[in-house]
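A.B. asks: Handing over run33.txt, compact mmCIF, C-alpha atoms.
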# COMPACT_ATOMS: atom_id res chain seq x y z
CA MET A 23 20.95 -21.51 17.53
CA ARG A 24 21.64 -19.20 20.47
CA ILE A 25 19.62 -16.04 19.88
CA SER A 26 19.00 -12.82 21.77
CA VAL A 27 16.12 -10.43 21.11
CA ILE A 28 16.78 -6.93 22.37
CA GLY A 29 13.54 -5.10 23.07
CA CYS A 30 10.62 -7.17 24.34
CA GLY A 31 7.67 -5.02 23.45
CA TYR A 32 5.06 -6.26 21.02
CA LEU A 33 7.49 -7.04 18.18
CA GLY A 34 10.36 -8.39 20.26
CA ALA A 35 8.32 -10.58 22.60
CA VAL A 36 6.45 -12.24 19.74
CA HIS A 37 9.65 -12.73 17.74
CA ALA A 38 11.46 -14.23 20.73
CA ALA A 39 8.66 -16.70 21.44
CA CYS A 40 8.40 -17.70 17.78
CA MET A 41 12.15 -18.25 17.48
CA ALA A 42 11.96 -20.55 20.50
CA GLU A 43 9.03 -22.33 18.87
CA LEU A 44 11.30 -22.98 15.87
CA GLY A 45 13.70 -24.74 18.24
CA HIS A 46 16.24 -22.04 19.04
CA ASP A 47 17.59 -21.15 22.48
CA VAL A 48 16.35 -17.59 23.01
CA VAL A 49 16.90 -14.88 25.60
CA GLY A 50 14.82 -11.71 25.50
CA LEU A 51 16.35 -8.53 26.94
CA ASP A 52 14.52 -5.39 28.01
CA VAL A 53 14.91 -2.59 30.57
CA ASP A 54 11.24 -2.72 31.62
CA GLU A 55 11.33 -4.83 34.80
CA ALA A 56 7.57 -5.30 35.05
CA ARG A 57 7.32 -6.48 31.45
CA ILE A 58 10.24 -8.89 31.88
CA GLU A 59 8.77 -10.27 35.11
CA SER A 60 5.50 -11.01 33.33
CA LEU A 61 7.15 -12.58 30.27
CA ALA A 62 9.56 -14.66 32.37
CA ALA A 63 6.57 -16.09 34.25
CA GLY A 64 4.95 -17.04 30.93
CA ARG A 65 2.25 -14.33 31.20
CA ALA A 66 1.54 -12.24 28.12
CA PRO A 67 1.61 -8.51 28.92
CA PHE A 68 -0.55 -7.65 25.91
CA HIS A 69 -3.45 -9.13 23.96
CA GLU A 70 -2.48 -11.11 20.87
CA PRO A 71 -4.32 -14.26 19.72
CA GLY A 72 -2.19 -17.39 20.14
CA PHE A 73 0.65 -15.61 21.91
CA PRO A 74 -0.15 -16.54 25.55
CA GLU A 75 -0.08 -20.25 24.77
CA LEU A 76 3.09 -19.94 22.66
CA LEU A 77 4.82 -17.92 25.37
CA ALA A 78 3.89 -20.26 28.22
CA ARG A 79 4.86 -23.36 26.29
CA ASN A 80 8.34 -22.13 25.39
CA VAL A 81 9.11 -20.61 28.79
CA GLU A 82 8.15 -23.91 30.38
CA SER A 83 10.36 -25.82 27.93
CA GLY A 84 13.39 -23.75 28.94
CA ARG A 85 14.09 -22.63 25.37
CA LEU A 86 12.86 -19.12 26.13
CA ARG A 87 14.12 -16.81 28.89
CA PHE A 88 13.67 -13.13 29.61
CA THR A 89 16.01 -10.86 31.53
CA THR A 90 17.05 -7.30 32.29
CA ASP A 91 20.71 -8.44 32.61
CA PRO A 92 22.59 -7.71 29.35
CA SER A 93 25.45 -10.01 30.33
CA LEU A 94 23.18 -12.97 29.52
CA ILE A 95 23.28 -12.19 25.79
CA ALA A 96 27.06 -12.63 25.60
CA ASP A 97 27.14 -16.01 23.84
CA SER A 98 24.34 -15.34 21.32
CA GLU A 99 25.07 -16.06 17.68
CA ILE A 100 22.38 -13.65 16.49
CA HIS A 101 21.20 -10.49 18.21
CA PHE A 102 17.82 -9.36 16.86
CA ILE A 103 17.04 -5.66 17.41
CA GLY A 104 13.32 -5.27 18.04
CA VAL A 105 13.06 -1.95 19.89
CA GLY A 106 10.57 0.81 19.10
CA THR A 107 11.20 3.74 16.76
CA PRO A 108 8.48 6.19 17.81
CA GLN A 109 7.86 9.56 16.24
CA LEU A 110 9.97 12.36 17.70
CA ASP A 111 8.09 14.89 19.79
CA GLY A 112 7.39 17.95 17.69
CA ALA A 113 8.75 16.44 14.47
CA LEU A 114 7.87 13.89 11.78
CA ALA A 115 11.14 11.97 12.04
CA ALA A 116 11.71 8.69 13.89
CA ASP A 117 13.36 8.60 17.30
CA LEU A 118 16.33 6.23 16.97
CA ARG A 119 17.68 6.46 20.51
CA TYR A 120 16.47 2.95 21.40
CA VAL A 121 18.05 1.42 18.30
CA ASP A 122 21.34 3.13 19.05
CA ALA A 123 21.19 1.99 22.69
CA ALA A 124 20.55 -1.60 21.56
CA ILE A 125 23.61 -1.51 19.30
CA GLU A 126 25.73 -0.19 22.18
CA THR A 127 24.43 -3.01 24.38
CA VAL A 128 25.55 -5.60 21.81
CA MET A 129 28.99 -4.01 21.47
CA ASP A 130 29.41 -3.88 25.25
CA HIS A 131 28.28 -7.42 26.01
CA ALA A 132 28.74 -9.66 22.96
CA ALA A 133 31.63 -12.05 23.39
CA PRO A 134 34.52 -11.31 20.97
CA ARG A 135 34.86 -13.76 18.05
CA THR A 136 38.53 -14.18 17.19
CA GLU A 137 37.92 -17.28 15.09
CA GLY A 138 35.00 -18.96 13.39
CA ARG A 139 32.08 -17.10 11.91
CA PRO A 140 31.22 -13.64 13.25
CA VAL A 141 28.37 -12.56 15.49
CA LEU A 142 25.36 -11.29 13.54
CA VAL A 143 23.18 -8.36 14.50
CA ALA A 144 19.84 -8.51 12.64
CA GLY A 145 17.76 -5.34 12.72
CA LYS A 146 14.00 -5.78 12.72
CA SER A 147 12.94 -2.31 13.84
CA THR A 148 11.57 0.07 11.22
CA VAL A 149 14.24 2.71 10.61
CA PRO A 150 14.90 5.53 8.13
CA VAL A 151 16.89 4.51 5.09
CA GLY A 152 20.62 4.97 5.75
CA THR A 153 20.43 3.85 9.37
CA ALA A 154 21.71 0.32 8.72
CA GLN A 155 24.94 1.47 7.09
CA ARG A 156 25.58 3.88 9.96
CA LEU A 157 25.08 1.08 12.48
CA ALA A 158 27.19 -1.35 10.45
CA ASP A 159 30.06 1.13 10.49
CA ARG A 160 29.66 1.49 14.25
CA LEU A 161 29.74 -2.29 14.76
CA ALA A 162 32.78 -2.64 12.50
CA GLY A 163 34.71 -0.48 14.94
CA SER A 164 33.88 -2.67 17.94
CA GLY A 165 36.80 -5.03 17.39
CA LYS A 166 34.50 -7.99 18.13
CA ASN A 167 33.90 -9.31 14.61
CA ILE A 168 30.23 -8.30 14.45
CA ILE A 169 28.40 -7.84 11.15
CA LEU A 170 24.95 -6.43 10.45
CA ALA A 171 21.98 -7.58 8.40
CA TRP A 172 18.62 -5.83 8.13
CA ASN A 173 15.67 -8.19 8.42
CA PRO A 174 12.48 -6.06 8.56
CA GLU A 175 9.36 -7.29 10.31
CA PHE A 176 5.91 -7.41 8.70
CA LEU A 177 3.71 -8.31 11.65
CA ARG A 178 0.00 -7.57 11.64
CA GLU A 179 -1.45 -7.15 15.10
CA GLY A 180 -3.99 -9.91 15.58
CA TYR A 181 -1.96 -12.22 13.30
CA ALA A 182 1.54 -11.71 14.70
CA VAL A 183 2.26 -15.33 15.62
CA GLN A 184 1.13 -16.59 12.22
CA ASP A 185 3.08 -13.84 10.43
CA THR A 186 6.29 -14.79 12.26
CA LEU A 187 6.06 -18.56 11.99
CA HIS A 188 4.58 -18.54 8.48
CA PRO A 189 5.63 -15.23 6.89
CA ASP A 190 4.52 -14.28 3.39
CA ARG A 191 8.15 -13.31 2.66
CA LEU A 192 11.52 -12.89 4.31
CA VAL A 193 13.78 -9.97 3.44
CA TYR A 194 17.52 -9.91 4.08
CA GLY A 195 19.39 -6.63 3.76
CA LEU A 196 23.05 -7.65 3.49
CA PRO A 197 26.43 -5.86 3.47
CA GLU A 198 27.87 -4.84 0.09
CA ASP A 199 31.01 -6.82 0.94
CA ARG A 200 30.20 -10.14 -0.73
CA GLY A 201 32.11 -12.25 1.79
CA GLN A 202 30.34 -10.68 4.76
CA GLY A 203 27.03 -10.86 2.92
CA ASP A 204 27.40 -14.58 2.27
CA VAL A 205 28.17 -15.20 5.94
CA ALA A 206 25.20 -13.11 7.12
CA LYS A 207 22.88 -14.90 4.70
CA ALA A 208 24.09 -18.33 5.86
CA ILE A 209 23.41 -17.41 9.51
CA LEU A 210 19.91 -16.10 8.74
CA ASP A 211 19.18 -19.13 6.54
CA GLU A 212 20.01 -21.37 9.48
CA CYS A 213 17.80 -19.32 11.78
CA TYR A 214 14.86 -19.40 9.37
CA ALA A 215 15.44 -22.94 8.11
CA THR A 216 11.89 -24.06 8.90
CA PRO A 217 9.93 -21.32 7.08
CA LEU A 218 12.39 -21.44 4.18
CA ALA A 219 11.90 -25.21 3.89
CA ASP A 220 8.14 -24.56 3.85
CA GLY A 221 8.59 -22.42 0.73
CA THR A 222 8.56 -18.90 2.18
CA PRO A 223 9.82 -16.52 -0.54
CA LEU A 224 13.17 -14.91 0.21
CA VAL A 225 14.21 -11.49 -1.09
CA VAL A 226 17.93 -10.72 -0.75
CA ALA A 227 18.91 -7.06 -1.16
CA ASN A 228 21.26 -4.39 0.10
CA TYR A 229 20.71 -2.32 3.24
CA PRO A 230 18.79 0.59 1.68
CA THR A 231 16.35 -1.68 -0.14
CA ALA A 232 15.61 -3.71 2.98
CA GLU A 233 15.07 -0.53 5.00
CA LEU A 234 12.71 0.85 2.36
CA VAL A 235 10.61 -2.32 2.05
CA LYS A 236 8.70 -1.85 5.31
CA VAL A 237 8.00 1.86 4.94
CA ALA A 238 7.12 1.42 1.26
CA ALA A 239 4.64 -1.34 2.12
CA ASN A 240 3.07 0.70 4.91
CA SER A 241 2.88 3.79 2.72
CA PHE A 242 1.13 1.83 -0.01
CA LEU A 243 -1.41 0.39 2.42
CA ALA A 244 -2.02 3.80 4.00
CA THR A 245 -2.54 5.27 0.54
CA LYS A 246 -5.08 2.60 -0.34
CA ILE A 247 -7.02 3.22 2.88
CA SER A 248 -7.01 6.97 2.42
CA PHE A 249 -8.05 6.59 -1.22
CA ILE A 250 -11.23 4.72 -0.33
CA ASN A 251 -11.91 7.21 2.47
CA ALA A 252 -11.61 10.03 -0.07
CA MET A 253 -14.15 8.14 -2.20
CA ALA A 254 -16.38 7.97 0.88
CA GLU A 255 -16.34 11.77 1.03
CA LEU A 256 -17.47 11.89 -2.60
CA CYS A 257 -20.17 9.28 -1.95
CA GLU A 258 -21.54 11.33 0.92
CA ALA A 259 -21.72 14.37 -1.35
CA THR A 260 -23.45 12.49 -4.16
CA GLY A 261 -25.56 9.80 -2.49
CA GLY A 262 -23.28 6.97 -3.55
CA ASP A 263 -22.44 3.90 -1.46
CA VAL A 264 -18.71 3.55 -0.89
CA SER A 265 -19.03 -0.10 0.16
CA ARG A 266 -20.59 -1.04 -3.19
CA LEU A 267 -18.02 1.14 -4.94
CA ALA A 268 -15.19 -0.68 -3.17
CA GLU A 269 -16.73 -4.04 -4.00
CA ALA A 270 -16.92 -3.11 -7.68
CA ILE A 271 -13.37 -1.83 -8.07
CA GLY A 272 -12.02 -4.63 -5.85
CA HIS A 273 -12.99 -7.22 -8.46
CA ASP A 274 -10.23 -5.76 -10.64
CA ASP A 275 -7.27 -7.99 -9.73
CA ARG A 276 -4.92 -5.06 -10.36
CA ILE A 277 -6.58 -3.33 -7.40
CA GLY A 278 -7.85 -6.12 -5.14
CA LYS A 279 -10.36 -5.95 -2.29
CA LYS A 280 -8.03 -5.73 0.70
CA PHE A 281 -7.70 -2.38 2.51
CA LEU A 282 -10.69 -0.92 0.66
CA GLN A 283 -12.86 -0.67 3.80
CA ALA A 284 -13.88 2.95 4.27
CA GLY A 285 -14.27 4.18 7.83
CA ILE A 286 -12.62 6.35 10.46
CA GLY A 287 -9.10 5.74 9.14
CA PHE A 288 -5.97 3.92 10.19
CA GLY A 289 -3.99 4.18 13.40
CA GLY A 290 -1.75 2.04 15.57
CA GLY A 291 1.94 2.05 16.27
CA CYS A 292 3.16 1.63 12.67
CA LEU A 293 1.35 3.21 9.72
CA PRO A 294 0.94 6.80 10.99
CA LYS A 295 4.44 7.26 12.38
CA ASP A 296 6.10 5.29 9.56
CA ILE A 297 4.67 7.41 6.74
CA ARG A 298 5.61 10.59 8.62
CA ALA A 299 9.16 9.37 9.21
CA PHE A 300 9.33 8.39 5.52
CA MET A 301 8.41 11.94 4.52
CA ALA A 302 10.94 13.40 6.94
CA ARG A 303 13.73 11.20 5.59
CA ALA A 304 12.84 12.04 1.99
CA GLU A 305 13.15 15.73 2.85
CA GLU A 306 16.57 15.13 4.41
CA LEU A 307 17.65 13.37 1.21
CA GLY A 308 16.37 16.22 -0.97
CA VAL A 309 13.68 14.11 -2.66
CA ASP A 310 10.66 15.25 -0.61
CA GLU A 311 8.63 15.91 -3.79
CA ALA A 312 8.58 12.16 -4.40
CA LEU A 313 6.47 11.66 -1.27
CA THR A 314 4.33 14.80 -1.32
CA PHE A 315 1.25 12.62 -1.86
CA LEU A 316 1.75 11.09 1.61
CA ARG A 317 0.90 14.44 3.19
CA GLU A 318 -2.57 14.22 1.68
CA VAL A 319 -2.81 10.55 2.68
CA ASP A 320 -2.13 11.61 6.28
CA ALA A 321 -4.52 14.56 6.03
CA ILE A 322 -7.38 12.43 4.67
CA ASN A 323 -6.82 9.93 7.46
CA LEU A 324 -6.98 12.55 10.19
CA ARG A 325 -10.00 14.18 8.54
CA ARG A 326 -12.02 11.01 9.02
CA ARG A 327 -11.78 11.37 12.79
CA HIS A 328 -13.18 14.89 12.63
CA HIS A 329 -15.94 13.68 10.34
CA ALA A 330 -16.98 10.99 12.82
CA VAL A 331 -17.31 13.64 15.53
CA GLU A 332 -19.41 15.77 13.17
CA LEU A 333 -21.68 12.78 12.46
CA ALA A 334 -22.19 12.26 16.19
CA GLU A 335 -23.08 15.93 16.66
CA GLU A 336 -25.50 15.82 13.76
CA ALA A 337 -27.09 12.64 15.08
CA ALA A 338 -27.46 14.22 18.53
CA GLY A 339 -29.33 17.20 17.10
CA GLY A 340 -26.44 19.58 16.50
CA SER A 341 -24.42 19.14 19.67
CA VAL A 342 -23.24 16.23 21.81
CA ALA A 343 -23.14 18.41 24.94
CA GLY A 344 -25.19 16.55 27.55
CA ALA A 345 -25.95 13.65 25.18
CA ARG A 346 -25.16 10.12 26.28
CA VAL A 347 -22.82 8.63 23.65
CA ALA A 348 -21.85 4.95 23.74
CA VAL A 349 -18.62 4.05 21.94
CA LEU A 350 -18.17 0.36 21.14
CA GLY A 351 -14.54 -0.50 20.44
CA ILE A 352 -11.63 1.71 21.45
CA THR A 353 -8.50 -0.10 20.18
CA PHE A 354 -7.11 0.86 16.78
CA LYS A 355 -8.17 -2.53 15.34
CA PRO A 356 -9.80 -5.73 16.63
CA ASP A 357 -7.91 -8.63 18.25
CA THR A 358 -5.46 -6.34 20.04
CA ASP A 359 -5.43 -4.16 23.15
CA ASP A 360 -3.19 -1.59 21.44
CA LEU A 361 -4.35 1.99 21.97
CA ARG A 362 -1.46 3.70 20.18
CA ASP A 363 -2.81 6.44 17.89
CA SER A 364 -6.22 4.76 17.96
CA PRO A 365 -8.77 6.68 15.85
CA ALA A 366 -11.52 5.32 18.09
CA LEU A 367 -9.90 6.62 21.26
CA ASP A 368 -9.17 9.98 19.63
CA ILE A 369 -12.81 10.34 18.56
CA ALA A 370 -14.06 9.35 22.01
CA MET A 371 -11.84 11.92 23.72
CA ARG A 372 -12.98 14.64 21.31
CA LEU A 373 -16.61 13.83 22.08
CA ARG A 374 -15.94 13.98 25.80
CA ASP A 375 -14.19 17.33 25.37
CA ARG A 376 -17.33 18.61 23.64
CA GLY A 377 -19.46 17.73 26.61
CA ALA A 378 -20.79 14.28 25.73
CA ARG A 379 -21.71 11.95 28.59
CA LEU A 380 -19.38 9.31 27.22
CA VAL A 381 -19.33 5.60 28.03
CA VAL A 382 -17.04 3.18 26.22
CA ALA A 383 -16.67 -0.58 25.95
CA ASP A 384 -13.95 -2.76 24.48
CA PRO A 385 -13.38 -6.54 24.77
CA ALA A 386 -9.64 -6.22 25.40
CA ALA A 387 -8.67 -2.71 26.48
CA GLY A 388 -11.03 -2.02 29.39
CA ASP A 389 -8.46 -2.35 32.16
CA GLU A 390 -5.87 -0.29 30.28
CA LEU A 391 -8.45 2.43 29.62
CA ARG A 392 -9.30 2.63 33.31
CA ARG A 393 -5.61 2.92 34.14
CA ARG A 394 -4.84 5.60 31.57
CA HIS A 395 -8.10 7.55 31.88
CA PRO A 396 -9.41 7.07 35.41
CA GLY A 397 -12.24 9.54 34.83
CA LEU A 398 -13.55 7.68 31.78
CA ASP A 399 -16.76 5.65 32.14
CA VAL A 400 -15.73 2.18 30.95
CA ALA A 401 -18.52 -0.39 30.78
CA ASP A 402 -18.01 -4.11 31.25
CA SER A 403 -20.53 -5.09 28.58
CA VAL A 404 -22.23 -3.77 25.47
CA GLU A 405 -25.54 -3.74 27.33
CA ASP A 406 -24.14 -1.54 30.09
CA ALA A 407 -22.54 0.79 27.55
CA VAL A 408 -25.62 1.42 25.41
CA ARG A 409 -28.22 1.65 28.18
CA GLU A 410 -30.11 4.97 27.77
CA ALA A 411 -27.71 6.06 25.02
CA ASP A 412 -28.73 8.84 22.65
CA VAL A 413 -26.09 7.81 20.10
CA VAL A 414 -24.28 4.49 19.67
CA MET A 415 -21.00 4.44 17.74
CA VAL A 416 -19.23 1.28 16.51
CA LEU A 417 -15.61 2.39 16.09
CA THR A 418 -13.62 -0.87 16.23
CA PRO A 419 -14.98 -3.86 14.30
CA TRP A 420 -14.72 -6.54 16.98
CA ARG A 421 -16.65 -9.69 16.08
CA ASP A 422 -18.83 -9.15 19.17
CA TYR A 423 -20.15 -5.95 17.62
CA LEU A 424 -20.67 -7.25 14.09
CA ASP A 425 -23.17 -9.78 15.45
CA LEU A 426 -25.21 -7.34 17.54
CA ASP A 427 -29.00 -7.76 17.44
CA PRO A 428 -30.55 -4.37 16.54
CA GLU A 429 -33.92 -5.33 18.02
CA ALA A 430 -32.48 -6.36 21.39
CA LEU A 431 -30.16 -3.36 21.48
CA GLY A 432 -33.03 -1.06 20.61
CA ASP A 433 -34.83 -1.97 23.83
CA LEU A 434 -31.91 -0.58 25.86
CA VAL A 435 -31.14 2.77 24.23
CA ALA A 436 -32.89 6.09 24.64
CA THR A 437 -32.76 6.81 20.91
CA ARG A 438 -32.21 4.30 18.13
CA THR A 439 -29.32 6.11 16.45
CA ILE A 440 -26.16 4.29 15.39
CA ILE A 441 -23.00 5.45 13.67
CA ASP A 442 -21.15 2.65 11.89
CA GLY A 443 -17.61 3.99 11.90
CA ARG A 444 -16.21 0.94 10.12
CA ASN A 445 -19.03 0.15 7.66
CA VAL A 446 -19.36 -3.36 9.05
CA LEU A 447 -23.08 -3.41 9.86
CA ASP A 448 -25.97 -4.13 7.50
CA PRO A 449 -27.65 -0.74 6.97
CA ARG A 450 -30.97 -2.24 5.85
CA ARG A 451 -31.17 -4.58 8.85
CA TRP A 452 -30.66 -1.74 11.32
CA HIS A 453 -33.00 0.58 9.42
CA ASP A 454 -35.74 -2.04 9.38
CA ALA A 455 -35.35 -2.38 13.15
CA GLY A 456 -36.16 1.32 13.52
CA TRP A 457 -32.63 2.67 13.82
CA ASN A 458 -31.36 5.89 12.30
CA TYR A 459 -28.27 4.46 10.62
CA HIS A 460 -25.21 6.57 9.70
CA GLY A 461 -22.36 4.93 7.80
CA MET A 462 -19.15 6.39 6.45
CA GLY A 463 -19.91 7.23 2.85
CA ARG A 464 -22.95 5.01 2.67
CA GLY A 465 -26.63 5.32 3.47
CA VAL A 466 -29.62 3.03 3.46
CA SER A 467 -30.38 2.19 -0.15
CA ALA A 468 -32.88 -0.15 -1.75
CA TRP A 469 -29.98 -1.47 -3.74
What do you get writing this file as structure tokens?
C.D. replies:
Amino acid sequence: MRISVIGCGYLGAVHAACMAELGHDVVGLDVDEARIESLAAGRAPFHEPGFPELLARNVESGRLRFTTDPSLIADSEIHFIGVGTPQLDGALAADLRYVDAAIETVMDHAAPRTEGRPVLVAGKSTVPVGTAQRLADRLAGSGKNIILAWNPEFLREGYAVQDTLHPDRLVYGLPEDRGQGDVAKAILDECYATPLADGTPLVVANYPTAELVKVAANSFLATKISFINAMAELCEATGGDVSRLAEAIGHDDRIGKKFLQAGIGFGGGCLPKDIRAFMARAEELGVDEALTFLREVDAINLRRRHHAVELAEEAAGGSVAGARVAVLGITFKPDTDDLRDSPALDIAMRLRDRGARLVVADPAAGDELRRRHPGLDVADSVEDAVREADVVMVLTPWRDYLDLDPEALGDLVATRTIIDGRNVLDPRRWHDAGWNYHGMGRGVSAW
């Protein structure tokens, strides 16, 4: 099929490359000239496992092109909308200006269909419920025979290629008009023929349901993370071990073990802004009481960052002013260079503001950190970061850090004090090597 992907950030670029991998003829459109230049040359502008190879292979094959020229999307059968929906400045709601601009671009440049099946716009961006119908009405007035489906994305950074080529489900939000809905479904079925043939579950619903799926899923995951972090607070007050607690309740298959890792909380470009936009939309609809619990979910999450700073101050003898603090890991999660709303970066900046002699290291985000924060001391290696450190903090659970040798590291630091912000280290192993270990809701126990 001939496909366009409008918006070539993280979501759009990965989706475009994966659609080409499935055999489609794809053009990616974006206004960012530097990003398009990189993508068109087959160079990944961000860190994502498996993406550089996928991108280069499909650009070289000719199935995948990138452009800033909207006229090149004219003959596309499907236009995927993959632009960002960031949080509005000074408000909880989502900023939809990029979605609206993408729709205008399609209406301006899509070739009119006077016969045959219509052009399909498929929204992938995360939007407030009610947006799809508004956009569908706008497209209906274009006179170009364009219909809308909502096809939310469920990408996990670090697994984005796998999640696109082998999704755990596909969701189609279709028009209420049955004839239009059948046409939209047939077009999407053709696009996703390979994953559907592989047995990927398909959920067909109306617009509001499809819009709610993504924010409902993210809200549930955020709630689960904040729940175990609330339990960490109780464990710290009582001497319990939140990791053992999570292990015990995770054996209940009604609960499960995933997302029960206590630590410094969630971040990134999706969960925080999505739950806030969800609350804002619920208030607009007059059902804000239904999502009141998300305010506490957000509050617990932000509280974990403050707690990590307090742990560092306690470990440094009451104040980090003048103390050398080494932060290992600065992205919001491993296997990405994404710094958006990163708890690790937030904690590091708070420590620096309190007078810490801060040095940070990260396997993927070093260059971006130097660009964004030219005054920040960014080390090229763990060894350089921890040398003469008074406090070491592991804030992003990169594999490199999980396998650290406490004995070898101990020879480099000024004081053997470590804060395990993700509860990924073995407390007993570090304690036995002479380290003062601080976890999040866990201590060093004989059990």
A.B. asks: Using only C-alpha atoms, which residue out of A:Ile250, A:Leu157, A:Ala227, A:Val347 lies closest to A:Phe281?
C.D. replies: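 Closest to A:Phe281, using only C-alpha atoms: A:Ile250.
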A.B. asks: If I put a ball of radius 12 Å at (-22.4, 9.3, 0.1) in the file's coordinates, which residues poke into it when counting all atoms listed in the file, written as a VMD selection string?
C.D. replies: chain A and resid 251 to 267 284 460 to 467
A.B. asks: At what distance in Å, to one decimal, does atom CA of A:Phe68 lie from atom CA of A:Gly84?
C.D. replies: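 About the pair atom CA of A:Gly84 and atom CA of A:Phe68: they are 21.5 Å apart.
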A.B. asks: Show me the residues around (-0.8, -15.7, 18.4) - criterion: an atom at most 8 Å away, all atoms listed in the file counted - as a short mmCIF file (atom, residue, chain, number, x, y, z; two decimals) with C-alpha atoms, in the frame of the given file.
C.D. replies:
data_model
loop_
_atom_site.label_atom_id
_atom_site.label_comp_id
_atom_site.auth_asym_id
_atom_site.auth_seq_id
_atom_site.Cartn_x
_atom_site.Cartn_y
_atom_site.Cartn_z
CA GLU A 70 -2.48 -11.11 20.87
CA PRO A 71 -4.32 -14.26 19.72
CA GLY A 72 -2.19 -17.39 20.14
CA PHE A 73 0.65 -15.61 21.91
CA PRO A 74 -0.15 -16.54 25.55
CA GLU A 75 -0.08 -20.25 24.77
CA LEU A 76 3.09 -19.94 22.66
CA GLY A 180 -3.99 -9.91 15.58
CA TYR A 181 -1.96 -12.22 13.30
CA ALA A 182 1.54 -11.71 14.70
CA VAL A 183 2.26 -15.33 15.62
CA GLN A 184 1.13 -16.59 12.22
#
A.B. asks: Taking 3 positions as the minimum chain separation for residues in the same chain, which residues sit within 9 Å of stretch 388-391 of chain A when counting all atoms listed in the file? Answer as a PyMOL selection string.
C.D. replies: chain A and resi 352+359+361+382-385+394-396+398+400-402
A.B. asks: Please produce a file of those selected residues containing C-alpha atoms, as a PDB file, keeping the file's coordinate frame.
C.D. replies:
ATOM      1  CA  ILE A 352     -11.630   1.710  21.450  1.00  0.00           C
ATOM      2  CA  ASP A 359      -5.430  -4.160  23.150  1.00  0.00           C
ATOM      3  CA  LEU A 361      -4.350   1.990  21.970  1.00  0.00           C
ATOM      4  CA  VAL A 382     -17.040   3.180  26.220  1.00  0.00           C
ATOM      5  CA  ALA A 383     -16.670  -0.580  25.950  1.00  0.00           C
ATOM      6  CA  ASP A 384     -13.950  -2.760  24.480  1.00  0.00           C
ATOM      7  CA  PRO A 385     -13.380  -6.540  24.770  1.00  0.00           C
ATOM      8  CA  ARG A 394      -4.840   5.600  31.570  1.00  0.00           C
ATOM      9  CA  HIS A 395      -8.100   7.550  31.880  1.00  0.00           C
ATOM     10  CA  PRO A 396      -9.410   7.070  35.410  1.00  0.00           C
ATOM     11  CA  LEU A 398     -13.550   7.680  31.780  1.00  0.00           C
ATOM     12  CA  VAL A 400     -15.730   2.180  30.950  1.00  0.00           C
ATOM     13  CA  ALA A 401     -18.520  -0.390  30.780  1.00  0.00           C
ATOM     14  CA  ASP A 402     -18.010  -4.110  31.250  1.00  0.00           C
TER      15      ASP A 402
END
A.B. asks: Between A:Ala370, A:Ala345, A:Ala39, A:His69, which residue has the minimum interatomic distance to A:Leu86, considering all atoms listed in the file?
C.D. replies: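 Among the listed residues, A:Ala39 lies closest to A:Leu86.
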A.B. asks: What is the atom CA of A:Met371 to atom CA of A:Val342 distance in Å?
C.D. replies: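 So the two atoms, atom CA of A:Met371 and atom CA of A:Val342, lie 12.3 Å apart.
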A.B. asks: So, with all atoms listed in the file as the atoms that count, which of A:Asp442, A:Leu350, A:Ser364, A:Pro108 lies closest to A:Trp420?
C.D. replies: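 Selected residue with least distance to A:Trp420: A:Leu350.
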A.B. asks: Can you work out the spacing between atom CA of A:Gly456 and atom CA of A:Glu429 in Å, to one decimal?
C.D. replies: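 Computing it gives 8.3 Å between the two atoms.
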A.B. asks: Which one is closest to A:Asp185: A:Arg376, A:His37, A:Lys279, A:Lys355? Count only C-alpha atoms.
C.D. replies: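 Distance minimum relative to A:Asp185 lands on A:His37.
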A.B. asks: So, counting all atoms listed in the file, which residue among A:Cys40, A:Val81, A:Ala144, A:Val319 is closest to A:Phe288?
C.D. replies: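 Once distances to A:Phe288 are computed over all atoms listed in the file, the minimum belongs to A:Val319.
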A.B. asks: Determine the nearest neighbour of A:Arg317 from the options A:Pro217, A:Pro294, A:Gly145, A:Gly112, counting all atoms listed in the file.
C.D. replies: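 That would be A:Pro294, the residue with the smallest distance to A:Arg317.
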A.B. asks: I want to know what sits within 12 Å of A:Asp454, based on only C-alpha atoms, with residues of the same chain fewer than 4 positions away left out; could you give that as JSON, numbers by chain?
C.D. replies: {"A": [427, 428, 429, 432, 438, 448, 449, 450, 458, 459, 466, 467, 468]}
A.B. asks: So which residues touch A:Ala378 within 12 Å, counting only C-alpha atoms, skipping near sequence neighbours fewer than 4 positions away, as a list in words?
C.D. replies: Val331, Ala334, Glu335, Ala338, Ser341, Val342, Ala343, Gly344, Ala345, Arg346, Val347, Ala348, Val349, Ile369, Ala370, Met371, Arg372, Leu373, Arg374, Val382, Leu398, Asp399, Ala411, Asp412 and Val413 of chain A
A.B. asks: Tell me which protein, DNA and RNA residues are within 9 Å of A:Arg325, counting only C-alpha atoms, leaving out same-chain ones fewer than 4 positions away, and put them as a PyMOL selection string.
C.D. replies: chain A and resi 286-287+320-321+329-330
